[in-house]
2 protein chains.
Amino acid sequence: MAGKIYGIGVGPGDPELMTLKGLKLLKAADVIAIPAADKESCTAYRIARGAAPEIEDKEILCVDFPMIKDPEALKASHERAALALAEILDTGRTVAFLTLGDPTVYSTYFYVHKKLSARGYEAEIVNGTPSFCAVAARLSASLGEGAGAVHILPGSYPIEEGLALTGTKVLMKSGRQLGSVKALLMARGERALMVENCGLDKERVYVGAENFPEQASYYSLILVEDGKNKDD
Amino acid sequence: MAGKIYGIGVGPGDPELMTLKGLKLLKAADVIAIPAADKESCTAYRIARGAAPEIEDKEILCVDFPMIKDPEALKASHERAALALAEILDTGRTVAFLTLGDPTVYSTYFYVHKKLSARGYEAEIVNGTPSFCAVAARLSASLGEGAGAVHILPGSYPIEEGLALTGTKVLMKSGRQLGSVKALLMARGERALMVENCGLDKERVYVGAENFPEQASYYSLILVEDGKNKDD
């Protein structure tokens, strides 16, 4: 009988933000799959090891997804990953696939999840804390209150359109075009906060767009507060 | 010296989705505060007790927030809660305030967090898995992929405006007006899924708006899939 794969969200950075279920399945898994070329460069792996140092002794499968935008090349890399994972599952072993934050939010795991499920493999998503909740907690800010909406906008979303929405806005993956995002936030007079590397080494908090740097790490997240729906 | 308050997200329902940090702080707290009139009617408390049965022996503070919309009456109830909590903190005791899902997402804890912080009390938010991530995991669905945005829309958000947005839509607190939401989703031909009581007793999954009931529990969440940005 084929093994089962668990896509486990290890949370945003602090190993103590792993869930009890994630930790249990991680310890029980035969093979740990990581979305990186090697263990040491994998943030999700370092978080998991922080919670369960004994995983160092487990077999590791490195599933490296190239940072490319070409849809065909991306699909091919997902297919290669699914094949490599299926090969392990076919031997009856259990796989824990680690993913930063939560697996339902922009995770690479989800692509292989769909492919493996479609081929009849048992696959389960195990939640973790998503990065935007961790950033809000770090800032003692609320994402949503009362009647306010929350919009999670990847860097590629039309930023002017996004900022015009009513509610709290979370800008993800803005690190590389931060200069232009910063200028726009300032021009609009938005109340914005940013956390770089939340819960990781070199964490930095910036209050007010005018204090944002021109460039920041990939793990940067901007919170644009709702002008409305604020009570005292 | 005054005690510290932790707003702890116990996650969406399964006690095993509590975080290691949440569990540790829960066990160490002198007093457990719950957003309900009593322990037995409090879902967050039942989840926490599932992970740590020993909290039964701890002192409980019931902080009941009335389900009202009048802003002045709501403010007054938050103020009463903050005063009751401050009284305990002033005795040097530590408080764990339980909240369903994640404290940064529409939680009542956040109101007392702001009030207590403003008065100089040490207050920390401890993340948990938000309900919409749990629902997506339950449905083996992704909230956000690639360039797609995610819009978290409370029931009070203008629904037609919300559905017109590009990206995945999460409709929260739609239980009571489900009939009209269902009709609109069907008229628009949206691909929608719903989970009622995710991870709790009486969990139900509905695929396709045409299969939604006319009314559902308060703990119901609708996922409207993005028509775009879908690969294989």
# chains A, B, ... in the order shown; residues from 1 in each chain; ligands from 1
>>> interface_residues(of="chain A", to="chain B", cutoff="7 Å", atoms="only C-alpha atoms", output="VMD selection string")
chain A and resid 16 to 21 104 to 106 110 125 127 to 129 133 to 134 136 to 137 140 to 154 156 to 157
>>> write_last_selection(atoms="N, CA, C and O atoms", output="short mmCIF file (atom, residue, chain, number, x, y, z; two decimals), in the first residue's frame")
data_model
loop_
_atom_site.label_atom_id
_atom_site.label_comp_id
_atom_site.auth_asym_id
_atom_site.auth_seq_id
_atom_site.Cartn_x
_atom_site.Cartn_y
_atom_site.Cartn_z
N GLU A 16 8.24 27.37 17.98
CA GLU A 16 7.14 27.14 18.93
C GLU A 16 5.78 27.46 18.32
O GLU A 16 4.76 27.16 18.93
N LEU A 17 5.76 28.06 17.14
CA LEU A 17 4.48 28.30 16.48
C LEU A 17 4.08 27.12 15.59
O LEU A 17 3.07 27.16 14.89
N MET A 18 4.86 26.04 15.62
CA MET A 18 4.40 24.81 14.94
C MET A 18 3.20 24.27 15.72
O MET A 18 3.07 24.47 16.93
N THR A 19 2.32 23.56 15.03
CA THR A 19 1.17 22.97 15.73
C THR A 19 1.56 21.62 16.33
O THR A 19 2.53 20.98 15.90
N LEU A 20 0.77 21.20 17.31
CA LEU A 20 0.98 19.88 17.92
C LEU A 20 0.88 18.79 16.85
O LEU A 20 1.67 17.85 16.82
N LYS A 21 -0.07 18.95 15.95
CA LYS A 21 -0.28 17.95 14.90
C LYS A 21 0.90 17.92 13.92
O LYS A 21 1.38 16.85 13.55
N THR A 104 -1.95 26.46 2.61
CA THR A 104 -3.03 26.90 1.70
C THR A 104 -2.77 28.31 1.16
O THR A 104 -3.54 28.81 0.36
N VAL A 105 -1.69 28.94 1.62
CA VAL A 105 -1.41 30.32 1.23
C VAL A 105 -0.13 30.38 0.39
O VAL A 105 0.98 30.35 0.94
N TYR A 106 -0.27 30.46 -0.91
CA TYR A 106 0.87 30.62 -1.82
C TYR A 106 2.00 29.62 -1.57
O TYR A 106 3.16 29.99 -1.54
N PHE A 110 1.29 23.05 -2.57
CA PHE A 110 -0.05 22.84 -3.09
C PHE A 110 -0.06 22.26 -4.51
O PHE A 110 -0.95 21.49 -4.87
N ILE A 125 -3.41 18.21 4.05
CA ILE A 125 -2.83 19.51 4.39
C ILE A 125 -2.93 19.72 5.90
O ILE A 125 -4.01 19.57 6.47
N ASN A 127 -2.43 22.52 8.69
CA ASN A 127 -2.29 23.98 8.76
C ASN A 127 -1.14 24.44 9.64
O ASN A 127 -0.70 23.74 10.55
N GLY A 128 -0.70 25.65 9.36
CA GLY A 128 0.25 26.37 10.20
C GLY A 128 -0.17 27.82 10.23
O GLY A 128 -1.06 28.23 9.49
N THR A 129 0.46 28.62 11.07
CA THR A 129 0.15 30.05 11.11
C THR A 129 0.68 30.73 9.85
O THR A 129 1.86 30.63 9.55
N CYS A 133 -0.61 36.69 9.55
CA CYS A 133 -1.11 36.71 10.93
C CYS A 133 0.06 36.95 11.90
O CYS A 133 -0.08 37.66 12.90
N ALA A 134 1.21 36.33 11.60
CA ALA A 134 2.37 36.53 12.47
C ALA A 134 2.83 37.98 12.46
O ALA A 134 3.19 38.54 13.50
N ALA A 136 0.95 40.62 11.83
CA ALA A 136 -0.03 41.42 12.58
C ALA A 136 0.20 41.26 14.08
O ALA A 136 0.19 42.25 14.83
N ALA A 137 0.46 40.03 14.53
CA ALA A 137 0.71 39.80 15.96
C ALA A 137 1.96 40.55 16.40
O ALA A 137 1.98 41.18 17.46
N SER A 140 1.22 44.02 16.99
CA SER A 140 0.05 44.23 17.85
C SER A 140 -1.07 44.90 17.07
O SER A 140 -1.76 45.78 17.57
N ALA A 141 -1.22 44.48 15.82
CA ALA A 141 -2.26 45.04 14.96
C ALA A 141 -3.29 43.98 14.67
O ALA A 141 -3.02 42.78 14.78
N SER A 142 -4.48 44.42 14.29
CA SER A 142 -5.52 43.49 13.90
C SER A 142 -5.61 43.48 12.38
O SER A 142 -5.49 44.52 11.75
N LEU A 143 -5.80 42.31 11.80
CA LEU A 143 -6.02 42.27 10.36
C LEU A 143 -7.43 42.69 10.04
O LEU A 143 -7.67 43.49 9.14
N GLY A 144 -8.38 42.13 10.76
CA GLY A 144 -9.77 42.46 10.48
C GLY A 144 -10.54 42.66 11.76
O GLY A 144 -10.38 41.92 12.72
N GLU A 145 -11.36 43.70 11.76
CA GLU A 145 -12.21 44.00 12.91
C GLU A 145 -13.61 44.29 12.41
O GLU A 145 -13.76 44.93 11.37
N GLY A 146 -14.59 43.87 13.16
CA GLY A 146 -15.97 44.21 12.83
C GLY A 146 -16.33 43.96 11.39
O GLY A 146 -16.25 42.85 10.89
N ALA A 147 -16.71 45.02 10.68
CA ALA A 147 -17.20 44.88 9.31
C ALA A 147 -16.08 45.03 8.28
O ALA A 147 -16.32 45.04 7.08
N GLY A 148 -14.83 45.16 8.72
CA GLY A 148 -13.73 45.43 7.80
C GLY A 148 -13.26 44.19 7.06
O GLY A 148 -13.14 43.12 7.64
N ALA A 149 -12.98 44.33 5.77
CA ALA A 149 -12.44 43.23 4.98
C ALA A 149 -10.92 43.19 5.08
O ALA A 149 -10.30 44.15 5.56
N VAL A 150 -10.34 42.08 4.69
CA VAL A 150 -8.88 41.93 4.65
C VAL A 150 -8.51 41.47 3.25
O VAL A 150 -9.05 40.46 2.76
N HIS A 151 -7.62 42.18 2.61
CA HIS A 151 -7.21 41.82 1.26
C HIS A 151 -5.73 41.42 1.25
O HIS A 151 -4.88 42.24 1.60
N ILE A 152 -5.47 40.17 0.89
CA ILE A 152 -4.10 39.68 0.80
C ILE A 152 -3.67 39.82 -0.65
O ILE A 152 -4.23 39.15 -1.53
N LEU A 153 -2.72 40.71 -0.91
CA LEU A 153 -2.38 41.05 -2.29
C LEU A 153 -0.93 40.71 -2.59
O LEU A 153 -0.02 41.28 -1.99
N PRO A 154 -0.71 39.76 -3.51
CA PRO A 154 0.68 39.47 -3.86
C PRO A 154 1.27 40.64 -4.64
O PRO A 154 0.52 41.48 -5.18
N SER A 156 2.32 41.12 -7.35
CA SER A 156 1.95 41.27 -8.76
C SER A 156 0.53 41.84 -8.94
O SER A 156 0.14 42.17 -10.05
N TYR A 157 -0.23 41.94 -7.85
CA TYR A 157 -1.59 42.50 -7.95
C TYR A 157 -1.47 43.98 -8.28
O TYR A 157 -0.60 44.66 -7.74
#
>>> residues_around(residues="A:Ala44", least_positions_apart="2", cutoff="6 Å", atoms="only C-alpha atoms", output="PyMOL selection string")
chain A and resi 42+46-47+99-100
>>> select_by_dssp(residues="stretch 23-231 of chain A", states="strand (DSSP E or B)", output="count of residues only")
44
>>> residues_around(residues="stretch 207-218 of chain B", least_positions_apart="6", cutoff="10 Å", atoms="only C-alpha atoms", output="list in words")
Leu139, Met172, Lys173, Ser174, Gly175, Arg176, Gln177, Leu178, Gly179, Ser180, Val181, Lys182, Ala183, Leu184, Leu185, Met186, Ala187, Gly189, Glu190, Arg191, Ala192, Leu193, Met194, Val195, Glu196, Asn197 and Val224 of chain B
>>> write_last_selection(atoms="C-alpha atoms", output="PDB file, in the first residue's frame")
ATOM      1  CA  LEU B 139     -11.398  21.241   1.103  1.00  0.00           C
ATOM      2  CA  MET B 172     -17.219  34.917   6.623  1.00  0.00           C
ATOM      3  CA  LYS B 173     -20.234  35.073   8.904  1.00  0.00           C
ATOM      4  CA  SER B 174     -22.686  34.518   6.035  1.00  0.00           C
ATOM      5  CA  GLY B 175     -24.696  31.908   7.941  1.00  0.00           C
ATOM      6  CA  ARG B 176     -27.708  34.043   8.655  1.00  0.00           C
ATOM      7  CA  GLN B 177     -28.182  35.541   5.202  1.00  0.00           C
ATOM      8  CA  LEU B 178     -27.126  32.377   3.418  1.00  0.00           C
ATOM      9  CA  GLY B 179     -30.242  32.225   1.251  1.00  0.00           C
ATOM     10  CA  SER B 180     -29.482  35.495  -0.533  1.00  0.00           C
ATOM     11  CA  VAL B 181     -25.738  34.747  -0.758  1.00  0.00           C
ATOM     12  CA  LYS B 182     -26.519  31.371  -2.310  1.00  0.00           C
ATOM     13  CA  ALA B 183     -28.855  32.919  -4.879  1.00  0.00           C
ATOM     14  CA  LEU B 184     -26.245  35.493  -5.866  1.00  0.00           C
ATOM     15  CA  LEU B 185     -23.468  32.907  -6.176  1.00  0.00           C
ATOM     16  CA  MET B 186     -25.678  30.763  -8.411  1.00  0.00           C
ATOM     17  CA  ALA B 187     -26.771  33.711 -10.546  1.00  0.00           C
ATOM     18  CA  GLY B 189     -22.111  31.071 -11.847  1.00  0.00           C
ATOM     19  CA  GLU B 190     -19.408  31.161  -9.161  1.00  0.00           C
ATOM     20  CA  ARG B 191     -17.583  28.010  -8.103  1.00  0.00           C
ATOM     21  CA  ALA B 192     -18.235  28.001  -4.367  1.00  0.00           C
ATOM     22  CA  LEU B 193     -17.682  25.609  -1.489  1.00  0.00           C
ATOM     23  CA  MET B 194     -18.827  25.846   2.098  1.00  0.00           C
ATOM     24  CA  VAL B 195     -17.740  24.251   5.357  1.00  0.00           C
ATOM     25  CA  GLU B 196     -19.999  24.469   8.399  1.00  0.00           C
ATOM     26  CA  ASN B 197     -18.411  23.851  11.844  1.00  0.00           C
ATOM     27  CA  VAL B 224     -15.387  31.293  -3.819  1.00  0.00           C
TER      28      VAL B 224
END
>>> closest_residue(among="B:Gly13, B:Thr94, B:Glu40, B:Glu59", to="B:Glu203", atoms="only C-alpha atoms")
B:Gly13
>>> closest_residue(among="A:Leu223, A:Ala33, A:Ala82, A:Ala118", to="A:Lys58", atoms="only C-alpha atoms")
A:Ala33
>>> select_by_dssp(residues="stretch 136-219 of chain B", states="helix (DSSP H, G or I)", output="JSON, numbers by chain")
{"B": [136, 137, 138, 159, 160, 161, 162, 163, 175, 176, 177, 178, 179, 180, 181, 182, 183, 184, 185, 186, 187, 188, 209, 210, 211]}
>>> closest_residue(among="B:Val10, B:Leu116, B:Val205, B:Leu61", to="B:Pro35", atoms="only C-alpha atoms")
B:Leu61
>>> atom_distance(atom1="atom CA of A:His78", atom2="atom CA of A:Ala37")
14.4 Å
>>> residues_around(residues="stretch 85-91 of chain B", least_positions_apart="3", cutoff="8 Å", atoms="only C-alpha atoms", output="list of chain:residue names")
B:Met1, B:Ala2, B:Gly3, B:Lys4, B:Ile5, B:Ala81, B:Ala82, B:Thr94, B:Val95, B:Leu116, B:Tyr121
>>> write_last_selection(atoms="N, CA, C and O atoms", output="PDB file, in the first residue's frame")
ATOM      1  N   MET B   1       4.579  43.879  40.781  1.00  0.00           N
ATOM      2  CA  MET B   1       4.597  44.059  39.323  1.00  0.00           C
ATOM      3  C   MET B   1       3.380  43.382  38.696  1.00  0.00           C
ATOM      4  O   MET B   1       3.006  42.278  39.086  1.00  0.00           O
ATOM      5  N   ALA B   2       2.775  44.070  37.728  1.00  0.00           N
ATOM      6  CA  ALA B   2       1.560  43.542  37.111  1.00  0.00           C
ATOM      7  C   ALA B   2       1.863  42.290  36.292  1.00  0.00           C
ATOM      8  O   ALA B   2       2.964  42.113  35.775  1.00  0.00           O
ATOM      9  N   GLY B   3       0.876  41.416  36.182  1.00  0.00           N
ATOM     10  CA  GLY B   3       1.019  40.222  35.362  1.00  0.00           C
ATOM     11  C   GLY B   3       0.891  40.547  33.885  1.00  0.00           C
ATOM     12  O   GLY B   3       0.584  41.677  33.497  1.00  0.00           O
ATOM     13  N   LYS B   4       1.108  39.550  33.084  1.00  0.00           N
ATOM     14  CA  LYS B   4       1.056  39.727  31.626  1.00  0.00           C
ATOM     15  C   LYS B   4      -0.149  38.984  31.068  1.00  0.00           C
ATOM     16  O   LYS B   4      -0.534  37.936  31.588  1.00  0.00           O
ATOM     17  N   ILE B   5      -0.735  39.525  30.011  1.00  0.00           N
ATOM     18  CA  ILE B   5      -1.839  38.830  29.354  1.00  0.00           C
ATOM     19  C   ILE B   5      -1.403  38.346  27.969  1.00  0.00           C
ATOM     20  O   ILE B   5      -0.728  39.065  27.231  1.00  0.00           O
ATOM     21  N   ALA B  81     -14.711  44.466  30.188  1.00  0.00           N
ATOM     22  CA  ALA B  81     -13.799  43.321  30.083  1.00  0.00           C
ATOM     23  C   ALA B  81     -12.378  43.734  30.453  1.00  0.00           C
ATOM     24  O   ALA B  81     -11.689  43.041  31.221  1.00  0.00           O
ATOM     25  N   ALA B  82     -11.951  44.886  29.933  1.00  0.00           N
ATOM     26  CA  ALA B  82     -10.589  45.352  30.212  1.00  0.00           C
ATOM     27  C   ALA B  82     -10.399  45.599  31.708  1.00  0.00           C
ATOM     28  O   ALA B  82      -9.356  45.264  32.286  1.00  0.00           O
ATOM     29  N   THR B  94      -0.746  35.952  35.769  1.00  0.00           N
ATOM     30  CA  THR B  94      -0.698  35.857  34.313  1.00  0.00           C
ATOM     31  C   THR B  94      -2.037  35.356  33.794  1.00  0.00           C
ATOM     32  O   THR B  94      -2.621  34.445  34.365  1.00  0.00           O
ATOM     33  N   VAL B  95      -2.500  35.963  32.685  1.00  0.00           N
ATOM     34  CA  VAL B  95      -3.785  35.578  32.112  1.00  0.00           C
ATOM     35  C   VAL B  95      -3.593  35.044  30.688  1.00  0.00           C
ATOM     36  O   VAL B  95      -2.879  35.648  29.884  1.00  0.00           O
ATOM     37  N   LEU B 116      -5.759  47.340  27.153  1.00  0.00           N
ATOM     38  CA  LEU B 116      -4.799  47.021  28.206  1.00  0.00           C
ATOM     39  C   LEU B 116      -3.399  47.517  27.842  1.00  0.00           C
ATOM     40  O   LEU B 116      -2.675  48.040  28.696  1.00  0.00           O
ATOM     41  N   TYR B 121      -0.196  47.806  30.393  1.00  0.00           N
ATOM     42  CA  TYR B 121      -0.053  46.376  30.706  1.00  0.00           C
ATOM     43  C   TYR B 121       0.688  45.669  29.571  1.00  0.00           C
ATOM     44  O   TYR B 121       0.567  46.043  28.408  1.00  0.00           O
TER      45      TYR B 121
END
>>> residues_around(residues="A:Arg80", least_positions_apart="6", cutoff="10 Å", atoms="only C-alpha atoms", output="JSON, numbers by chain")
{"A": [63, 64, 65, 74, 86, 112]}
>>> write_last_selection(atoms="C-alpha atoms", output="PDB file, in the first residue's frame")
ATOM      1  CA  VAL A  63      12.507  19.284  -3.985  1.00  0.00           C
ATOM      2  CA  ASP A  64      13.963  22.390  -5.489  1.00  0.00           C
ATOM      3  CA  PHE A  65      11.507  24.622  -7.312  1.00  0.00           C
ATOM      4  CA  LEU A  74       7.112  25.812 -13.689  1.00  0.00           C
ATOM      5  CA  ALA A  86       5.369   9.357  -5.816  1.00  0.00           C
ATOM      6  CA  VAL A 112       2.331  18.670  -5.820  1.00  0.00           C
TER       7      VAL A 112
END
